[in-house]
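Here's protein16.pdb, which has PDB, C-alpha atoms, pLDDT in the B column:
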MODEL        1
ATOM      1  CA  MET A   1     -62.989  30.135  25.662  1.00 63.00           C
ATOM      2  CA  ASP A   2     -65.204  27.268  26.811  1.00 86.00           C
ATOM      3  CA  ALA A   3     -67.301  25.995  23.874  1.00 86.00           C
ATOM      4  CA  HIS A   4     -70.530  26.061  25.879  1.00 88.00           C
ATOM      5  CA  ALA A   5     -69.934  29.610  27.075  1.00 89.00           C
ATOM      6  CA  GLU A   6     -69.169  30.647  23.484  1.00 88.00           C
ATOM      7  CA  LEU A   7     -72.433  29.061  22.346  1.00 90.00           C
ATOM      8  CA  PHE A   8     -74.514  30.963  24.905  1.00 91.00           C
ATOM      9  CA  GLN A   9     -72.599  34.170  24.242  1.00 90.00           C
ATOM     10  CA  SER A  10     -73.431  33.830  20.545  1.00 91.00           C
ATOM     11  CA  LEU A  11     -77.129  34.096  21.448  1.00 93.00           C
ATOM     12  CA  ALA A  12     -76.676  37.244  23.534  1.00 93.00           C
ATOM     13  CA  ASP A  13     -77.296  39.712  20.709  1.00 96.00           C
ATOM     14  CA  PRO A  14     -80.611  40.783  19.116  1.00 96.00           C
ATOM     15  CA  THR A  15     -79.176  40.748  15.575  1.00 96.00           C
ATOM     16  CA  ARG A  16     -77.892  37.189  15.987  1.00 96.00           C
ATOM     17  CA  LEU A  17     -81.288  36.083  17.316  1.00 96.00           C
ATOM     18  CA  ARG A  18     -82.921  37.661  14.277  1.00 96.00           C
ATOM     19  CA  LEU A  19     -80.446  35.873  11.978  1.00 97.00           C
ATOM     20  CA  LEU A  20     -81.073  32.522  13.638  1.00 96.00           C
ATOM     21  CA  ASN A  21     -84.815  33.035  13.374  1.00 95.00           C
ATOM     22  CA  LEU A  22     -84.578  33.757   9.652  1.00 95.00           C
ATOM     23  CA  LEU A  23     -82.292  30.824   9.013  1.00 96.00           C
ATOM     24  CA  THR A  24     -84.576  28.414  10.863  1.00 94.00           C
ATOM     25  CA  GLN A  25     -87.509  29.718   8.793  1.00 89.00           C
ATOM     26  CA  THR A  26     -85.922  29.994   5.344  1.00 88.00           C
ATOM     27  CA  GLY A  27     -83.123  27.447   5.184  1.00 85.00           C
ATOM     28  CA  GLU A  28     -79.986  28.415   3.293  1.00 91.00           C
ATOM     29  CA  ILE A  29     -79.774  32.101   2.424  1.00 93.00           C
ATOM     30  CA  CYS A  30     -77.143  34.486   1.069  1.00 93.00           C
ATOM     31  CA  VAL A  31     -75.487  37.195   3.167  1.00 93.00           C
ATOM     32  CA  CYS A  32     -76.840  40.007   1.003  1.00 92.00           C
ATOM     33  CA  GLU A  33     -80.372  38.596   1.278  1.00 94.00           C
ATOM     34  CA  LEU A  34     -79.989  38.504   5.065  1.00 95.00           C
ATOM     35  CA  ALA A  35     -78.691  42.088   5.089  1.00 95.00           C
ATOM     36  CA  ASP A  36     -81.706  43.240   3.086  1.00 94.00           C
ATOM     37  CA  ALA A  37     -84.158  41.321   5.260  1.00 95.00           C
ATOM     38  CA  LEU A  38     -82.722  42.658   8.518  1.00 96.00           C
ATOM     39  CA  GLN A  39     -81.975  46.123   7.089  1.00 95.00           C
ATOM     40  CA  VAL A  40     -78.512  45.912   8.615  1.00 94.00           C
ATOM     41  CA  PRO A  41     -75.260  46.654   6.727  1.00 94.00           C
ATOM     42  CA  GLN A  42     -73.725  43.569   5.119  1.00 93.00           C
ATOM     43  CA  TYR A  43     -70.441  43.853   7.052  1.00 93.00           C
ATOM     44  CA  ASN A  44     -72.393  43.696  10.355  1.00 96.00           C
ATOM     45  CA  VAL A  45     -74.382  40.690   9.170  1.00 96.00           C
ATOM     46  CA  SER A  46     -71.171  38.925   8.091  1.00 95.00           C
ATOM     47  CA  ARG A  47     -69.548  39.549  11.465  1.00 96.00           C
ATOM     48  CA  HIS A  48     -72.551  38.162  13.348  1.00 97.00           C
ATOM     49  CA  LEU A  49     -72.782  35.150  11.044  1.00 97.00           C
ATOM     50  CA  GLN A  50     -69.121  34.339  11.625  1.00 96.00           C
ATOM     51  CA  LEU A  51     -69.710  34.254  15.395  1.00 95.00           C
ATOM     52  CA  LEU A  52     -72.622  31.870  14.891  1.00 96.00           C
ATOM     53  CA  VAL A  53     -70.455  29.635  12.689  1.00 96.00           C
ATOM     54  CA  GLN A  54     -67.723  29.599  15.347  1.00 94.00           C
ATOM     55  CA  ALA A  55     -70.349  28.614  17.940  1.00 94.00           C
ATOM     56  CA  GLY A  56     -71.270  25.630  15.764  1.00 95.00           C
ATOM     57  CA  LEU A  57     -74.834  26.747  14.988  1.00 96.00           C
ATOM     58  CA  LEU A  58     -74.342  27.644  11.315  1.00 97.00           C
ATOM     59  CA  GLU A  59     -72.335  26.502   8.340  1.00 97.00           C
ATOM     60  CA  ASP A  60     -71.416  28.424   5.236  1.00 95.00           C
ATOM     61  CA  ARG A  61     -71.060  27.506   1.595  1.00 92.00           C
ATOM     62  CA  ARG A  62     -69.455  29.603  -1.112  1.00 90.00           C
ATOM     63  CA  ARG A  63     -71.097  29.666  -4.520  1.00 85.00           C
ATOM     64  CA  GLY A  64     -69.201  31.948  -6.869  1.00 82.00           C
ATOM     65  CA  LYS A  65     -69.005  35.374  -5.260  1.00 81.00           C
ATOM     66  CA  TRP A  66     -71.907  34.625  -2.917  1.00 85.00           C
ATOM     67  CA  VAL A  67     -71.706  33.051   0.528  1.00 90.00           C
ATOM     68  CA  TYR A  68     -74.755  31.148   1.717  1.00 93.00           C
ATOM     69  CA  TYR A  69     -75.451  30.307   5.354  1.00 96.00           C
ATOM     70  CA  GLY A  70     -77.685  27.681   6.861  1.00 96.00           C
ATOM     71  CA  ILE A  71     -78.245  25.862  10.118  1.00 97.00           C
ATOM     72  CA  ALA A  72     -75.423  23.392  10.734  1.00 96.00           C
ATOM     73  CA  ARG A  73     -76.360  19.827   9.799  1.00 95.00           C
ATOM     74  CA  ASP A  74     -74.494  18.165  12.663  1.00 94.00           C
ATOM     75  CA  LEU A  75     -76.027  20.010  15.612  1.00 95.00           C
ATOM     76  CA  LYS A  76     -75.764  18.459  19.043  1.00 95.00           C
ATOM     77  CA  PRO A  77     -78.996  17.956  21.030  1.00 95.00           C
ATOM     78  CA  HIS A  78     -78.372  20.999  23.256  1.00 94.00           C
ATOM     79  CA  GLN A  79     -77.793  23.170  20.160  1.00 95.00           C
ATOM     80  CA  ARG A  80     -81.068  21.959  18.629  1.00 95.00           C
ATOM     81  CA  SER A  81     -82.847  22.822  21.876  1.00 95.00           C
ATOM     82  CA  LEU A  82     -81.459  26.348  21.796  1.00 94.00           C
ATOM     83  CA  LEU A  83     -82.638  26.840  18.221  1.00 94.00           C
ATOM     84  CA  ARG A  84     -86.100  25.607  19.186  1.00 94.00           C
ATOM     85  CA  ALA A  85     -86.077  28.187  21.997  1.00 94.00           C
ATOM     86  CA  VAL A  86     -85.280  30.927  19.465  1.00 93.00           C
ATOM     87  CA  GLU A  87     -88.163  29.702  17.279  1.00 90.00           C
ATOM     88  CA  GLN A  88     -90.514  29.931  20.272  1.00 91.00           C
ATOM     89  CA  LEU A  89     -89.729  33.650  20.610  1.00 91.00           C
ATOM     90  CA  HIS A  90     -91.455  34.208  17.273  1.00 83.00           C
ATOM     91  CA  GLU A  91     -94.825  35.170  18.737  1.00 83.00           C
ATOM     92  CA  GLN A  92     -93.238  37.629  21.165  1.00 91.00           C
ATOM     93  CA  ARG A  93     -91.019  39.486  18.709  1.00 94.00           C
ATOM     94  CA  GLU A  94     -92.505  41.695  16.036  1.00 94.00           C
ATOM     95  CA  ASP A  95     -89.040  42.190  14.490  1.00 95.00           C
ATOM     96  CA  PHE A  96     -88.933  38.441  13.666  1.00 94.00           C
ATOM     97  CA  VAL A  97     -92.192  38.735  11.706  1.00 94.00           C
ATOM     98  CA  GLN A  98     -91.027  41.876   9.884  1.00 95.00           C
ATOM     99  CA  ASP A  99     -87.694  40.227   9.013  1.00 95.00           C
ATOM    100  CA  GLU A 100     -89.492  37.168   7.637  1.00 94.00           C
ATOM    101  CA  ASN A 101     -91.777  39.313   5.482  1.00 94.00           C
ATOM    102  CA  ARG A 102     -88.821  41.221   4.024  1.00 95.00           C
ATOM    103  CA  ALA A 103     -86.907  37.954   3.489  1.00 94.00           C
ATOM    104  CA  ARG A 104     -89.862  36.404   1.663  1.00 93.00           C
ATOM    105  CA  ARG A 105     -90.019  39.402  -0.695  1.00 92.00           C
ATOM    106  CA  ARG A 106     -86.246  39.363  -1.194  1.00 93.00           C
ATOM    107  CA  LEU A 107     -86.113  35.627  -1.916  1.00 91.00           C
ATOM    108  CA  LYS A 108     -88.683  36.074  -4.698  1.00 90.00           C
ATOM    109  CA  LEU A 109     -86.000  38.010  -6.600  1.00 89.00           C
ATOM    110  CA  ARG A 110     -83.748  34.964  -6.943  1.00 85.00           C
ATOM    111  CA  ARG A 111     -82.996  33.750 -10.439  1.00 85.00           C
ATOM    112  CA  GLY A 112     -82.873  30.003 -10.792  1.00 83.00           C
ATOM    113  CA  GLY A 113     -82.780  29.644  -7.017  1.00 81.00           C
ATOM    114  CA  VAL A 114     -79.637  31.790  -6.819  1.00 82.00           C
ATOM    115  CA  CYS A 115     -79.183  35.146  -5.130  1.00 84.00           C
ATOM    116  CA  CYS A 116     -78.931  38.185  -7.352  1.00 79.00           C
ATOM    117  CA  VAL A 117     -77.524  41.409  -5.956  1.00 66.00           C
ATOM    118  CA  GLY A 118     -79.069  44.535  -7.302  1.00 53.00           C
ATOM    119  CA  LEU A 119     -81.214  47.512  -6.564  1.00 43.00           C
ATOM    120  CA  VAL A 120     -82.794  45.898  -3.509  1.00 50.00           C
ATOM    121  CA  SER A 121     -79.455  45.834  -1.676  1.00 50.00           C
ATOM    122  CA  ARG A 122     -78.813  49.465  -2.471  1.00 51.00           C
ATOM    123  CA  ILE A 123     -82.317  50.421  -1.319  1.00 50.00           C
ATOM    124  CA  GLY A 124     -81.840  48.425   1.897  1.00 53.00           C
ATOM    125  CA  ALA A 125     -78.549  50.218   2.547  1.00 56.00           C
ATOM    126  CA  ALA A 126     -80.154  53.606   1.890  1.00 55.00           C
ATOM    127  CA  VAL A 127     -82.997  52.791   4.284  1.00 54.00           C
ATOM    128  CA  ALA A 128     -80.512  51.731   6.964  1.00 55.00           C
ATOM    129  CA  ARG A 129     -78.515  54.966   6.521  1.00 61.00           C
ATOM    130  CA  THR A 130     -81.688  57.057   6.722  1.00 56.00           C
ATOM    131  CA  ARG A 131     -82.850  55.285   9.862  1.00 58.00           C
ATOM    132  CA  LYS A 132     -79.456  55.761  11.451  1.00 63.00           C
ATOM    133  CA  LYS A 133     -79.516  59.477  10.640  1.00 61.00           C
ATOM    134  CA  GLU A 134     -82.998  59.738  12.152  1.00 57.00           C
ATOM    135  CA  GLY A 135     -81.790  58.206  15.393  1.00 60.00           C
ATOM    136  CA  TYR A 136     -83.475  54.841  14.811  1.00 52.00           C
ATOM    137  CA  HIS A 137     -80.460  52.985  16.187  1.00 46.00           C
ATOM    138  CA  ALA A 138     -80.284  55.151  19.303  1.00 47.00           C
ATOM    139  CA  ARG A 139     -83.992  54.587  20.035  1.00 50.00           C
ATOM    140  CA  ALA A 140     -83.636  50.839  19.549  1.00 46.00           C
ATOM    141  CA  VAL A 141     -80.702  50.737  21.975  1.00 40.00           C
ATOM    142  CA  GLU A 142     -82.670  52.743  24.546  1.00 46.00           C
ATOM    143  CA  GLN A 143     -85.645  50.400  24.225  1.00 48.00           C
ATOM    144  CA  ALA A 144     -83.432  47.319  24.563  1.00 41.00           C
ATOM    145  CA  GLY A 145     -81.583  48.710  27.596  1.00 43.00           C
TER     146      GLY A 145
ENDMDL
END
Target format structure tokens, applied to this file:
Amino acid sequence: MDAHAELFQSLADPTRLRLLNLLTQTGEICVCELADALQVPQYNVSRHLQLLVQAGLLEDRRRGKWVYYGIARDLKPHQRSLLRAVEQLHEQREDFVQDENRARRRLKLRRGGVCCVGLVSRIGAAVARTRKKEGYHARAVEQAG
């Protein structure tokens, strides 16, 4: 696939926009912290992050059993412009603000600047399951469509 088309395609998903917003706001962050902040299952977050890495927007770093993601350091000017465009959506998207608030709370749980998996992840997963059972996902899809 054409690299430019792949880049634009990587932005064509609400979850990936939310991830990019968080990463531009917080810097490097662990997958489980992102999953908790977005209230999305970790396997979905990982899949979306991988697409953003392939598009050249993110880079990953393994630290023990944790994988941290951040904005790629060697972005091209057009990639930087796209990330600035995502940042400008901030005032128009309430989900960005909610994600940032949850991320801020989650990042406070770090020990020595390092992610710690625990109860918060399990609570986040339980909340996501409950919302799915209540039809939250179906309503969100209807609103987006």
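Selection check: the PyMOL selection byres ((chain A and resi 57) around 9) on the shown file gives Leu7, Leu20, Leu52, Val53, Gln54, Ala55, Gly56, Leu58, Glu59, Gly70, Ile71, Ala72, Arg73, Asp74, Leu75, Gln79, Arg80 and Leu83 of chain A.
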Given the point (-76.2, 31.3, 4.6) in the file's coordinates, find the residues that have an atom at most 7 Å from it, counting only C-alpha atoms, and give them as a list in words. Glu28, Ile29, Cys30, Val31, Asp60, Val67, Tyr68, Tyr69 and Gly70 of chain A
Find the residues near A:Glu33: any atom within 8 Å, counting all atoms listed in the file, skip ones fewer than 2 places away on the same chain, and give them as an mmCIF file with C-alpha atoms, in the coordinates of the input.
data_model
loop_
_atom_site.group_PDB
_atom_site.id
_atom_site.type_symbol
_atom_site.label_atom_id
_atom_site.label_comp_id
_atom_site.auth_asym_id
_atom_site.auth_seq_id
_atom_site.Cartn_x
_atom_site.Cartn_y
_atom_site.Cartn_z
ATOM 1 C CA ILE A 29 -79.774 32.101 2.424
ATOM 2 C CA CYS A 30 -77.143 34.486 1.069
ATOM 3 C CA VAL A 31 -75.487 37.195 3.167
ATOM 4 C CA ALA A 35 -78.691 42.088 5.089
ATOM 5 C CA ASP A 36 -81.706 43.240 3.086
ATOM 6 C CA ALA A 37 -84.158 41.321 5.260
ATOM 7 C CA ALA A 103 -86.907 37.954 3.489
ATOM 8 C CA ARG A 106 -86.246 39.363 -1.194
ATOM 9 C CA LEU A 107 -86.113 35.627 -1.916
ATOM 10 C CA CYS A 115 -79.183 35.146 -5.130
ATOM 11 C CA SER A 121 -79.455 45.834 -1.676
#
Please, what distance in Å, to one decimal, runs between atom CA of A:Arg105 and atom CA of A:Gln88?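 For atom CA of A:Arg105 relative to atom CA of A:Gln88, the distance reads 23.0 Å.
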What does the distance between atom CA of A:Glu87 and atom CA of A:Leu109 come to in Å, to one decimal place? 25.4 Å
Just how far from atom CA of A:Glu91 is atom CA of A:Arg110, in Å to one decimal? 28.0 Å
Using all atoms listed in the file, can you tell me which of A:Gln50, A:Ser81, A:Asn21, A:Thr26 comes closest to A:Asp95?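 Under the stated criterion, the closest residue is A:Asn21.
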When the PyMOL selection byres ((chain A and resi 9-11) around 9) is applied to the file above, which residues end up in the set, as a ChimeraX atom specification? /A:4-8,12-14,16-17,20,48,51-52,54-55,82,86
